[in-house]
>>> print(open('query_5.tsv').read())   # TSV, C-alpha atoms and all ligand atoms
chain	number	residue	atom	x	y	z
A	582	MET	CA	-97.48	-70.46	-69.77
A	583	ARG	CA	-96.49	-71.44	-66.25
A	584	GLU	CA	-94.67	-68.85	-64.18
A	585	THR	CA	-91.52	-70.00	-62.41
A	586	VAL	CA	-91.22	-68.74	-58.86
A	587	LEU	CA	-87.71	-68.88	-57.51
A	588	HIS	CA	-87.48	-69.76	-53.86
A	589	ASP	CA	-85.29	-67.34	-51.91
A	590	VAL	CA	-83.34	-69.78	-49.76
A	591	THR	CA	-80.91	-67.08	-48.62
A	592	SER	CA	-83.51	-64.97	-46.83
A	593	GLU	CA	-84.86	-68.08	-45.08
A	594	THR	CA	-81.49	-69.03	-43.65
A	595	GLU	CA	-79.52	-65.81	-43.25
A	596	TRP	CA	-80.72	-65.52	-39.63
A	597	ARG	CA	-78.29	-68.36	-38.90
A	598	GLU	CA	-75.42	-65.91	-39.30
A	599	GLN	CA	-76.56	-64.22	-36.09
A	600	ALA	CA	-77.24	-67.45	-34.22
A	601	GLY	CA	-76.02	-67.27	-30.64
A	602	CYS	CA	-75.25	-70.99	-30.67
A	603	ARG	CA	-72.55	-70.61	-33.30
A	604	ALA	CA	-70.09	-69.95	-30.48
A	605	TYR	CA	-70.97	-73.24	-28.76
A	606	PRO	CA	-70.41	-76.89	-29.63
A	607	PRO	CA	-73.45	-78.57	-31.24
A	608	ILE	CA	-73.38	-81.23	-28.53
A	609	LEU	CA	-74.79	-78.62	-26.12
A	610	PHE	CA	-77.95	-78.35	-28.22
A	611	PHE	CA	-78.24	-81.93	-29.48
A	612	GLY	CA	-76.57	-84.08	-26.84
A	613	ALA	CA	-74.15	-86.92	-27.52
A	614	ASP	CA	-76.54	-89.84	-27.97
A	615	ASP	CA	-79.58	-91.57	-26.48
A	616	SER	CA	-77.53	-92.92	-23.58
A	617	GLU	CA	-77.35	-89.47	-21.97
A	618	PRO	CA	-78.71	-89.76	-18.42
A	619	GLN	CA	-81.91	-87.78	-17.85
A	620	SER	CA	-80.35	-85.67	-15.09
A	621	GLU	CA	-77.41	-84.67	-17.32
A	622	ARG	CA	-79.75	-84.02	-20.23
A	623	ARG	CA	-81.82	-81.62	-18.15
A	624	ILE	CA	-78.71	-79.68	-17.09
A	625	ARG	CA	-77.44	-79.54	-20.69
A	626	GLU	CA	-80.80	-78.43	-22.05
A	627	ASP	CA	-81.10	-75.70	-19.40
A	628	GLU	CA	-77.67	-74.42	-20.38
A	629	ALA	CA	-78.59	-74.42	-24.07
A	630	LYS	CA	-81.86	-72.63	-23.31
A	631	GLN	CA	-79.89	-69.89	-21.55
A	632	VAL	CA	-77.96	-69.33	-24.77
A	633	CYS	CA	-81.24	-69.20	-26.71
A	634	ALA	CA	-82.71	-66.71	-24.21
A	635	GLY	CA	-80.06	-64.18	-25.22
A	636	CYS	CA	-80.15	-64.97	-28.94
A	637	LEU	CA	-81.06	-62.20	-31.37
A	638	VAL	CA	-82.75	-64.58	-33.81
A	639	ARG	CA	-84.69	-66.78	-31.43
A	640	GLN	CA	-88.04	-66.15	-33.10
A	641	GLU	CA	-86.68	-66.91	-36.57
A	642	CYS	CA	-85.00	-70.06	-35.28
A	643	LEU	CA	-88.15	-71.32	-33.58
A	644	ALA	CA	-90.28	-70.54	-36.61
A	645	TYR	CA	-87.85	-72.48	-38.80
A	646	ALA	CA	-87.77	-75.48	-36.46
A	647	LEU	CA	-91.55	-75.58	-36.22
A	648	SER	CA	-92.05	-75.26	-39.98
A	649	THR	CA	-89.52	-78.00	-40.77
A	650	ARG	CA	-90.61	-80.21	-37.87
A	651	GLU	CA	-87.04	-80.46	-36.61
A	652	ALA	CA	-87.05	-83.73	-34.70
A	653	TYR	CA	-84.00	-83.27	-32.49
A	654	GLY	CA	-82.27	-80.70	-30.35
A	655	ILE	CA	-82.94	-77.32	-28.83
A	656	TRP	CA	-84.22	-74.77	-31.35
A	657	GLY	CA	-85.54	-71.36	-30.42
A	658	GLY	CA	-85.26	-72.25	-26.76
A	659	LEU	CA	-87.51	-75.31	-26.96
A	660	THR	CA	-86.74	-79.02	-26.83
A	661	GLU	CA	-88.19	-81.38	-29.43
A	662	VAL	CA	-90.89	-82.44	-26.96
A	663	GLU	CA	-91.79	-78.81	-26.18
A	664	ARG	CA	-91.99	-78.03	-29.92
A	665	ARG	CA	-94.34	-80.95	-30.51
A	666	VAL	CA	-96.59	-79.70	-27.68
A	667	HIS	CA	-96.45	-76.19	-29.15
A	668	LEU	CA	-97.48	-77.50	-32.57
A	669	ARG	CA	-100.36	-79.54	-31.15
A	670	LYS	CA	-101.69	-76.43	-29.35
A	671	ARG	CA	-101.73	-74.54	-32.65
A	672	ILE	CA	-103.98	-77.09	-34.38
B	1	LIG	S1	-82.46	-69.58	-30.59
B	1	LIG	FE1	-80.96	-70.99	-29.74
B	1	LIG	S2	-80.77	-72.66	-31.20
B	1	LIG	FE2	-81.77	-70.94	-32.24
B	1	LIG	S3	-80.15	-69.80	-33.26
B	1	LIG	FE3	-80.47	-68.87	-31.28
B	1	LIG	S4	-79.02	-69.87	-29.89
B	1	LIG	FE4	-79.19	-71.15	-31.74
>>> encode(input="query_5.tsv", output="structure tokens")
Amino acid sequence: MRETVLHDVTSETEWREQAGCRAYPPILFFGADDSEPQSERRIREDEAKQVCAGCLVRQECLAYALSTREAYGIWGGLTEVERRVHLRKRI
């Protein structure tokens, strides 16, 4: 007989309740669209990273984003490009 293992989704996502970014608009972490000028994007991303730097669940957030291969936005203080580099270094 096969054993059914229930996946505990709650424990994997409850860190979000302590997310520092909850007090900020998502646009700060994801940008408006692809037309965002590079100079403005850099300023926005730096500001978002400052929020992440003071976040209590930064490690959990980054681990989640890396494990799910989140393709967009700032997660755990890293941009999507920085996360891809991080993942390549781990291989
Ligand atoms: S690390 Fe940054 S993106 Fe992740 S939960 Fe904290 S503030 Fe939000």
>>> residues_near_point(input="query_5.tsv", point="(-76.0, -71.1, -36.0)", cutoff="12 Å", atoms="all atoms listed in the file", output="PyMOL selection string")
chain A and resi 594-607+610+632-633+636-639+641-642+655-657
>>> atom_distance(input="query_5.tsv", atom1="CA of Lys670 in chain A", atom2="CA of Ser620 in chain A")
27.3 Å
>>> axis_aligned_box(input="query_5.tsv", around="ligand LIG 1 (chain B)", padding_each_side="8 Å", output="JSON")
{"center_x": -80.7, "center_y": -70.8, "center_z": -31.5, "size_x": 19.4, "size_y": 19.8, "size_z": 19.5}
>>> atom_distance(input="query_5.tsv", atom1="CA of Asp614 in chain A", atom2="CA of Glu663 in chain A")
18.9 Å
>>> closest_residue(input="query_5.tsv", among="A:Leu643, A:His667, A:Glu661, A:Glu651", to="ligand LIG 1 (chain B)", atoms="all atoms listed in the file")
A:Leu643
>>> atom_distance(input="query_5.tsv", atom1="CA of Leu609 in chain A", atom2="CA of Arg625 in chain A")
6.1 Å
>>> closest_residue(input="query_5.tsv", among="A:Ser648, A:Gln631, A:Gln619, A:Leu668", to="ligand LIG 1 (chain B)", atoms="only C-alpha atoms and all ligand atoms")
A:Gln631
>>> closest_residue(input="query_5.tsv", among="A:Pro618, A:Glu593, A:Phe611, A:Glu628", to="Ala652 in chain A", atoms="only C-alpha atoms")
A:Phe611
>>> closest_residue(input="query_5.tsv", among="A:Ala613, A:Ala629, A:Ile608, A:Ile624", to="ligand LIG 1 (chain B)", atoms="all atoms listed in the file")
A:Ala629
>>> closest_residue(input="query_5.tsv", among="A:Val662, A:Asp627, A:Gly635, A:Ser616", to="ligand LIG 1 (chain B)", atoms="only C-alpha atoms and all ligand atoms")
A:Gly635
